[in-house]
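S.K.: First, the structure itself, so that you have it in front of you.
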Amino acid sequence: MLTFVLRRLLQTLPVLLGIILICFVLLRLSGDPTNLLVSPHASAQERQLVRERFGLDRPWYEQLGRYLRFDLGLSYQQQRPVAQIVMEAAVVTARLTLGAMIVAVALGLTAGMVSAYRPNSAFDYAAAAAASVGVSIPAFWLAMLLILLFSVKLGWLPLPSASAPGELQYLVIPVVTLGLISTALIARLTRGCMLETLTQDYVRTAQAKGIGRMKMLLGHALPNALVPIVTVIGTNLAGLLTGAVLTETATSMPGLGRVIYTAISQRDHPVIMGGCLLFAVVFIAVNLAVDILYGLLDPRIRHA
Amino acid sequence: MPDPAPLEASALASHAPAGPWRMLWRRLARNRAALCALGVIGLLALVALLAPVLAPYEYSYQFRGAEHVPPGWSGSCRRPEEAQAAERSFLMGTDPNARDTCSRIVYGTRVSLTVGVVATFISLLIGIAVGLFSGFYGGWIDAVFMRVTDTVFAFPSVLLAVAITAVFDRPSLWVVFMALGLVGWTSIARLVRSQVLSVRTLDYITAARALGGGDARILWRHILPNCLGPIVVAGTLSIGGNILGEAGLSFLGLGVQEPYPSWGGMLANARQHYQDYWWLGVFPGLAIVITVLAFNLFGDGLRDALDPRAQK
């Protein structure tokens, strides 16, 4: 097991390097950032000072080296370390994503299992239709609709506000939005996997022994359907994170998405890159965790 | 429409066996959701082509005094100074700049469909090339290509697109094409590679080689056609994904620029206003959902038609 974990860990290194390289190249492609930082009338001396402050006077390999040490540099606009800005925002996004994940897994697993319990029932069709819409709807639009319904029309929830993001009632709409979007995928997959395992011989054996359908679903089909479901939950995190960028923008939450959005409009390149880099690292880490979890759930994979 | 009479009988009657495309169409024709979706896609294409004819008004025309007119059939401007817009009707209302929402949505179809198709085309080009070479040659080519694919795949796609778009000085349609196209090819490359791997060792490839077929000919004439089905499905589904991606980029202000309308951009503009004027936030989103849903349902239908054993 340990060698398996170590091997997977080593395999992520080139990917991580590649991502840093992409970020760096994109940052360099955008031209000399000095022009963004000083007024066009600045003297050569002033320009030099600014270049030194942001490390732009160093040769390119030294600048790349800084990225490799995860030194993200200074924000052009806020004049503070990018790492600090990004980490502050990441806390908000983490809370949002985690909440959404819980909503999605709870709803998705339940809906998928109920669908598999009675395939081709009215509930099954309704769930399939809802799932089709769910994968086709932009997260930010769903958030806008929920705000229109629950904040404007019904007045049950407060209007989104950037100043009071921590309180629970402000989290409801973003979390539910993001959760519902991923629910569709998980529900579809759960249904498919459950139905497939239900055709297996061991399920028939269990049935022959006279066990109830509910017990068979939970005790025999679910554990075996879990591997693909865990994968999708993991890979879905990428979707969740990009959805978070858009949902935060739509609901004015000061998370990573919001920070990246503001950075784009202010052309604050180090913050954009820092944010993207953090996203990518989290994504890789989750994929790694999923792979390891895989190994735990299914011994065959460990030795492949 | 193909004859709904028993398939076996009609296939026997016409002596030539039904070609793979005909069989595909027959299976597809039995899937009502997919057919509806195809109809919607056809309609959307028509709307995009005929936008200048179908749109009630010019997309950027400002009806002074008719700001925030709610949707309705007859002119809803009551005040006399709004005479200019008095007899007009705005099916989906007007925006804060007094432009007709319906006309803007009609023109927005052009942006969404173009981005969906062109970005997918770029993804397909890169994905097919990478997948074919990786799968066919294996070895170090495969190793390098697959590591690159992993790397791009590891990047949350919209964020990579954001990074690419943000780097360019002026956001434009071309940047959106490239951003989405350069991000979306990874899953297609993996798919093509796995297809090639499953076909590569089959006897007919050996036969083609024995007959003196070169690599290029074998790849193009013998391997690619056998991977076409899954590629078409992935391409169709990725059109929907790219339309969603474009909407997201436009929502972040990175897509097509004003005054030209895109659905995501319209929603971005609506952010400040839709809580008071609901139609600004509702109609463009509806357009996105209908379009993406159509492509997704059609893609699902294609997949089922290509692989009758799956599903059920």
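Residues in the structure tokens are numbered from 1 in each chain, the chains being A, B, ... in the order shown, and ligands are numbered from 1 in the order shown.
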Mind dumping a table of every chain A residue within 8 Å of chain B, with the nearest atom pair and its distance in Å to one decimal, using only C-alpha atoms, sorted by chain and rising number, as JSON lines?
M.R.:
```
{"residue": "A:Pro14", "atom": "CA", "partner": "B:Arg147", "partner_atom": "CA", "distance": 7.4}
{"residue": "A:Val15", "atom": "CA", "partner": "B:Thr151", "partner_atom": "CA", "distance": 4.7}
{"residue": "A:Leu16", "atom": "CA", "partner": "B:Thr151", "partner_atom": "CA", "distance": 7.3}
{"residue": "A:Gly18", "atom": "CA", "partner": "B:Thr151", "partner_atom": "CA", "distance": 5.9}
{"residue": "A:Ile19", "atom": "CA", "partner": "B:Thr151", "partner_atom": "CA", "distance": 6.3}
{"residue": "A:Cys23", "atom": "CA", "partner": "B:Ala163", "partner_atom": "CA", "distance": 7.9}
{"residue": "A:Leu26", "atom": "CA", "partner": "B:Val167", "partner_atom": "CA", "distance": 6.5}
{"residue": "A:Leu27", "atom": "CA", "partner": "B:Val167", "partner_atom": "CA", "distance": 6.9}
{"residue": "A:Leu29", "atom": "CA", "partner": "B:Val167", "partner_atom": "CA", "distance": 7.0}
{"residue": "A:Ser30", "atom": "CA", "partner": "B:Val167", "partner_atom": "CA", "distance": 4.8}
{"residue": "A:Ser132", "atom": "CA", "partner": "B:Leu293", "partner_atom": "CA", "distance": 7.0}
{"residue": "A:Val133", "atom": "CA", "partner": "B:Leu293", "partner_atom": "CA", "distance": 6.5}
{"residue": "A:Ser136", "atom": "CA", "partner": "B:Leu293", "partner_atom": "CA", "distance": 5.3}
{"residue": "A:Ile137", "atom": "CA", "partner": "B:Val289", "partner_atom": "CA", "distance": 5.2}
{"residue": "A:Pro138", "atom": "CA", "partner": "B:Leu244", "partner_atom": "CA", "distance": 6.4}
{"residue": "A:Phe140", "atom": "CA", "partner": "B:Gly248", "partner_atom": "CA", "distance": 8.0}
{"residue": "A:Trp141", "atom": "CA", "partner": "B:Gly285", "partner_atom": "CA", "distance": 6.0}
{"residue": "A:Met144", "atom": "CA", "partner": "B:Gly281", "partner_atom": "CA", "distance": 7.0}
{"residue": "A:Leu145", "atom": "CA", "partner": "B:Val282", "partner_atom": "CA", "distance": 7.4}
{"residue": "A:Ile147", "atom": "CA", "partner": "B:Gln275", "partner_atom": "CA", "distance": 8.0}
{"residue": "A:Leu148", "atom": "CA", "partner": "B:Gln275", "partner_atom": "CA", "distance": 6.2}
{"residue": "A:Val152", "atom": "CA", "partner": "B:Gln275", "partner_atom": "CA", "distance": 6.6}
{"residue": "A:Ala238", "atom": "CA", "partner": "B:Pro156", "partner_atom": "CA", "distance": 5.2}
{"residue": "A:Gly239", "atom": "CA", "partner": "B:Pro156", "partner_atom": "CA", "distance": 7.1}
{"residue": "A:Leu241", "atom": "CA", "partner": "B:Pro156", "partner_atom": "CA", "distance": 7.4}
{"residue": "A:Thr242", "atom": "CA", "partner": "B:Val158", "partner_atom": "CA", "distance": 6.1}
{"residue": "A:Leu246", "atom": "CA", "partner": "B:Gly248", "partner_atom": "CA", "distance": 6.8}
{"residue": "A:Thr249", "atom": "CA", "partner": "B:Leu252", "partner_atom": "CA", "distance": 7.8}
{"residue": "A:Ala250", "atom": "CA", "partner": "B:Arg271", "partner_atom": "CA", "distance": 7.1}
{"residue": "A:Tyr261", "atom": "CA", "partner": "B:Leu252", "partner_atom": "CA", "distance": 6.5}
{"residue": "A:Ile264", "atom": "CA", "partner": "B:Ala166", "partner_atom": "CA", "distance": 6.2}
{"residue": "A:Ser265", "atom": "CA", "partner": "B:Gly253", "partner_atom": "CA", "distance": 7.9}
{"residue": "A:Arg267", "atom": "CA", "partner": "B:Ala166", "partner_atom": "CA", "distance": 7.5}
{"residue": "A:His269", "atom": "CA", "partner": "B:Val167", "partner_atom": "CA", "distance": 7.8}
{"residue": "A:Ile272", "atom": "CA", "partner": "B:Ala163", "partner_atom": "CA", "distance": 6.9}
{"residue": "A:Met273", "atom": "CA", "partner": "B:Ala163", "partner_atom": "CA", "distance": 7.0}
{"residue": "A:Cys276", "atom": "CA", "partner": "B:Leu159", "partner_atom": "CA", "distance": 6.1}
{"residue": "A:Phe279", "atom": "CA", "partner": "B:Pro156", "partner_atom": "CA", "distance": 7.2}
{"residue": "A:Ala280", "atom": "CA", "partner": "B:Phe155", "partner_atom": "CA", "distance": 5.2}
{"residue": "A:Phe283", "atom": "CA", "partner": "B:Ala154", "partner_atom": "CA", "distance": 6.6}
{"residue": "A:Ile284", "atom": "CA", "partner": "B:Ala154", "partner_atom": "CA", "distance": 6.3}
```
S.K.: Work out how far atom CA of A:Gly73 is from atom CA of A:Arg53, in Å to one decimal.
M.R.: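 Between atom CA of A:Arg53 and atom CA of A:Gly73 the gap is 9.8 Å.
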S.K.: For A:Gly192, find every residue with an atom within 9 Å (counting only C-alpha atoms), except residues of its own chain fewer than 4 positions away, and show them as a list in words.
M.R.: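 Answer for this query is Gly112, Ala116, Ala187, Arg188, Glu196, Thr197 and Ala225 of chain A; Gln311 of chain B.
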S.K.: May I have all residues of stretch 44-284 of chain A that DSSP, computed from the backbone, assigns to alpha helix (DSSP H), given as a PyMOL selection string?
M.R.: chain A and resi 44-53+60-68+82-117+122-136+139-146+168-198+201-208+213-216+222-251+256-265+269-284
S.K.: Name all residues at most 10 Å from A:Asp57 (count only C-alpha atoms; drop same-chain ones fewer than 6 positions away) and give them as a count of residues only.
M.R.: 6
S.K.: Identify, on the basis of only C-alpha atoms, every residue whose closest approach to A:Tyr202 does not exceed 12 Å; exclude the query and any residue fewer than 4 positions from it along the same chain; express the result as number ranges by chain.
M.R.: A: 197-198, 206-209, 216, 219-221, 224
S.K.: What is the distance, in Å and to one decimal place, between atom CA of A:Leu56 and atom CA of A:Val282?
M.R.: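 So the answer is 27.6 Å.
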S.K.: Please determine, counting only C-alpha atoms, which residue among B:Thr120, B:Ser103, B:Ser89, B:Gln62 has the shortest atom-to-atom distance to B:Val232.
M.R.: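 Using only C-alpha atoms, the shortest distance to B:Val232 belongs to B:Thr120.
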S.K.: Rounded to one decimal, what separation in Å do you get between atom CA of B:Asp307 and atom CA of B:Met23?
M.R.: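 Result for atom CA of B:Asp307 versus atom CA of B:Met23: 11.5 Å, one decimal.
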S.K.: Within 12 Å of B:Gly39, counting only C-alpha atoms, which residues qualify if same-chain residues fewer than 2 places away don't, as an MDAnalysis selection string?
M.R.: chainID B and resid 29 32:37 41:46 290:291 294:295 297:298
S.K.: For the residues in that selection, give me all heavy atoms as a compact mmCIF listing (two decimals), in the first residue's frame.
M.R.:
```
# COMPACT_ATOMS: atom_id res chain seq x y z
N ALA B 29 -33.88 7.57 -34.68
CA ALA B 29 -35.25 8.03 -34.94
C ALA B 29 -36.22 7.46 -33.92
O ALA B 29 -37.32 7.98 -33.75
CB ALA B 29 -35.67 7.62 -36.35
N ARG B 32 -37.21 9.63 -28.94
CA ARG B 32 -37.97 10.86 -29.16
C ARG B 32 -37.24 12.08 -28.60
O ARG B 32 -37.24 13.14 -29.23
CB ARG B 32 -39.36 10.73 -28.53
CG ARG B 32 -40.44 11.06 -29.55
CD ARG B 32 -41.83 10.91 -28.96
NE ARG B 32 -42.11 9.55 -28.54
CZ ARG B 32 -43.01 9.25 -27.60
NH1 ARG B 32 -43.67 10.20 -26.97
NH2 ARG B 32 -43.24 7.99 -27.27
N ALA B 33 -36.63 11.92 -27.43
CA ALA B 33 -35.93 13.07 -26.84
C ALA B 33 -34.83 13.55 -27.76
O ALA B 33 -34.67 14.75 -28.01
CB ALA B 33 -35.35 12.68 -25.48
N ALA B 34 -34.08 12.61 -28.34
CA ALA B 34 -32.98 12.98 -29.21
C ALA B 34 -33.49 13.67 -30.48
O ALA B 34 -32.90 14.64 -30.96
CB ALA B 34 -32.14 11.76 -29.57
N LEU B 35 -34.61 13.16 -31.00
CA LEU B 35 -35.17 13.79 -32.21
C LEU B 35 -35.62 15.22 -31.92
O LEU B 35 -35.35 16.14 -32.70
CB LEU B 35 -36.37 12.98 -32.71
CG LEU B 35 -36.07 11.84 -33.68
CD1 LEU B 35 -37.35 11.34 -34.29
CD2 LEU B 35 -35.11 12.31 -34.77
N CYS B 36 -36.32 15.40 -30.79
CA CYS B 36 -36.73 16.75 -30.39
C CYS B 36 -35.51 17.65 -30.28
O CYS B 36 -35.49 18.78 -30.77
CB CYS B 36 -37.43 16.73 -29.02
SG CYS B 36 -39.10 16.13 -29.10
N ALA B 37 -34.46 17.11 -29.64
CA ALA B 37 -33.25 17.89 -29.45
C ALA B 37 -32.67 18.29 -30.80
O ALA B 37 -32.27 19.44 -31.01
CB ALA B 37 -32.23 17.10 -28.65
N ILE B 41 -32.01 22.00 -32.20
CA ILE B 41 -30.71 22.44 -32.72
C ILE B 41 -30.89 23.05 -34.11
O ILE B 41 -30.33 24.12 -34.42
CB ILE B 41 -29.72 21.26 -32.77
CG1 ILE B 41 -29.38 20.80 -31.35
CG2 ILE B 41 -28.44 21.66 -33.50
CD1 ILE B 41 -28.57 19.53 -31.29
N GLY B 42 -31.71 22.39 -34.95
CA GLY B 42 -31.98 22.93 -36.28
C GLY B 42 -32.60 24.32 -36.21
O GLY B 42 -32.17 25.24 -36.92
N LEU B 43 -33.58 24.46 -35.31
CA LEU B 43 -34.23 25.76 -35.14
C LEU B 43 -33.21 26.82 -34.72
O LEU B 43 -33.20 27.94 -35.26
CB LEU B 43 -35.30 25.66 -34.06
CG LEU B 43 -36.71 25.29 -34.52
CD1 LEU B 43 -37.66 25.26 -33.33
CD2 LEU B 43 -37.19 26.34 -35.53
N LEU B 44 -32.36 26.45 -33.76
CA LEU B 44 -31.37 27.42 -33.26
C LEU B 44 -30.44 27.85 -34.38
O LEU B 44 -30.10 29.03 -34.50
CB LEU B 44 -30.57 26.80 -32.12
CG LEU B 44 -31.31 26.69 -30.79
CD1 LEU B 44 -30.55 25.77 -29.84
CD2 LEU B 44 -31.47 28.07 -30.17
N ALA B 45 -30.04 26.86 -35.23
CA ALA B 45 -29.17 27.20 -36.34
C ALA B 45 -29.86 28.18 -37.28
O ALA B 45 -29.25 29.15 -37.75
CB ALA B 45 -28.76 25.93 -37.09
N LEU B 46 -31.16 27.94 -37.51
CA LEU B 46 -31.93 28.85 -38.36
C LEU B 46 -31.97 30.25 -37.74
O LEU B 46 -31.76 31.25 -38.42
CB LEU B 46 -33.36 28.34 -38.51
CG LEU B 46 -33.63 27.45 -39.72
CD1 LEU B 46 -35.10 27.10 -39.78
CD2 LEU B 46 -33.21 28.19 -41.00
N ILE B 290 -31.76 25.90 -22.72
CA ILE B 290 -32.41 25.19 -23.83
C ILE B 290 -31.36 24.71 -24.84
O ILE B 290 -31.38 23.56 -25.27
CB ILE B 290 -33.44 26.12 -24.51
CG1 ILE B 290 -34.62 26.35 -23.56
CG2 ILE B 290 -33.92 25.51 -25.82
CD1 ILE B 290 -35.60 27.39 -24.03
N THR B 291 -30.43 25.59 -25.17
CA THR B 291 -29.42 25.23 -26.17
C THR B 291 -28.53 24.09 -25.68
O THR B 291 -28.31 23.10 -26.38
CB THR B 291 -28.55 26.45 -26.50
OG1 THR B 291 -29.41 27.55 -26.77
CG2 THR B 291 -27.68 26.19 -27.69
N ALA B 294 -30.32 20.81 -25.48
CA ALA B 294 -30.53 20.20 -26.80
C ALA B 294 -29.29 19.42 -27.23
O ALA B 294 -29.39 18.26 -27.65
CB ALA B 294 -30.89 21.27 -27.82
N PHE B 295 -28.13 20.05 -27.11
CA PHE B 295 -26.91 19.35 -27.54
C PHE B 295 -26.62 18.14 -26.66
O PHE B 295 -26.20 17.09 -27.15
CB PHE B 295 -25.71 20.31 -27.54
CG PHE B 295 -25.66 21.16 -28.77
CD1 PHE B 295 -26.02 22.50 -28.73
CD2 PHE B 295 -25.27 20.62 -29.99
CE1 PHE B 295 -26.00 23.29 -29.86
CE2 PHE B 295 -25.25 21.39 -31.13
CZ PHE B 295 -25.61 22.73 -31.07
N LEU B 297 -28.83 16.28 -24.93
CA LEU B 297 -29.79 15.20 -25.19
C LEU B 297 -29.49 14.52 -26.52
O LEU B 297 -29.56 13.30 -26.64
CB LEU B 297 -31.22 15.74 -25.20
CG LEU B 297 -31.81 16.08 -23.84
CD1 LEU B 297 -33.23 16.61 -23.99
CD2 LEU B 297 -31.80 14.86 -22.93
N PHE B 298 -29.12 15.32 -27.53
CA PHE B 298 -28.79 14.75 -28.82
C PHE B 298 -27.54 13.88 -28.72
O PHE B 298 -27.49 12.78 -29.28
CB PHE B 298 -28.60 15.85 -29.86
CG PHE B 298 -28.35 15.32 -31.23
CD1 PHE B 298 -29.29 14.54 -31.87
CD2 PHE B 298 -27.16 15.59 -31.89
CE1 PHE B 298 -29.05 14.04 -33.12
CE2 PHE B 298 -26.91 15.08 -33.14
CZ PHE B 298 -27.86 14.30 -33.77
```
S.K.: Nearest to B:Thr236 among B:Ser60, B:Thr186, B:Ser123, B:Asn31, with distances taken over only C-alpha atoms: which residue is it?
M.R.: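 Smallest distance to B:Thr236 is found for B:Ser123.
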S.K.: Pick out the residues sitting within 12 Å of A:Pro254, and hand them over as number ranges by chain; count only C-alpha atoms, and ignore anything fewer than 2 positions along from it in its own chain.
M.R.: A: 85-96, 160-166, 170-171, 174, 244-252, 256-262
S.K.: Select, from A:Leu217, A:Leu68, A:Ser115, A:Leu74, the residue with the minimum atom-to-atom distance to A:Ala129, counting only C-alpha atoms.
M.R.: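 Answer, going by the shortest atom-to-atom distance: A:Ser115.
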S.K.: Enumerate, in order of chain and increasing residue number, the residues of stretch 26-142 of chain B with an atom no farther than 12 Å from stretch 220-229 of chain B, each with its shortest atom pair and distance in Å to one decimal, counting only C-alpha atoms, as a tab-separated table.
M.R.:
```
residue	atom	partner	partner_atom	distance
B:Leu124	CA	B:Leu228	CA	11.3
B:Ile128	CA	B:Leu224	CA	8.7
B:Ala129	CA	B:Leu224	CA	10.2
B:Gly131	CA	B:Leu224	CA	10.3
B:Leu132	CA	B:Leu224	CA	7.8
B:Phe133	CA	B:Ile223	CA	11.1
B:Gly135	CA	B:Ile223	CA	10.4
B:Phe136	CA	B:Ile223	CA	9.1
```
S.K.: Would you export the selected residues with C-alpha atoms as a compact mmCIF listing (two decimals), in the first residue's frame, please?
M.R.:
```txt
# COMPACT_ATOMS: atom_id res chain seq x y z
CA LEU B 124 -11.27 17.65 -32.00
CA ILE B 128 -7.68 13.34 -32.49
CA ALA B 129 -4.10 14.06 -33.54
CA GLY B 131 -4.84 10.44 -29.44
CA LEU B 132 -4.02 8.82 -32.79
CA PHE B 133 -0.27 9.27 -32.46
CA GLY B 135 -2.19 5.15 -29.32
CA PHE B 136 -0.61 4.12 -32.60
```
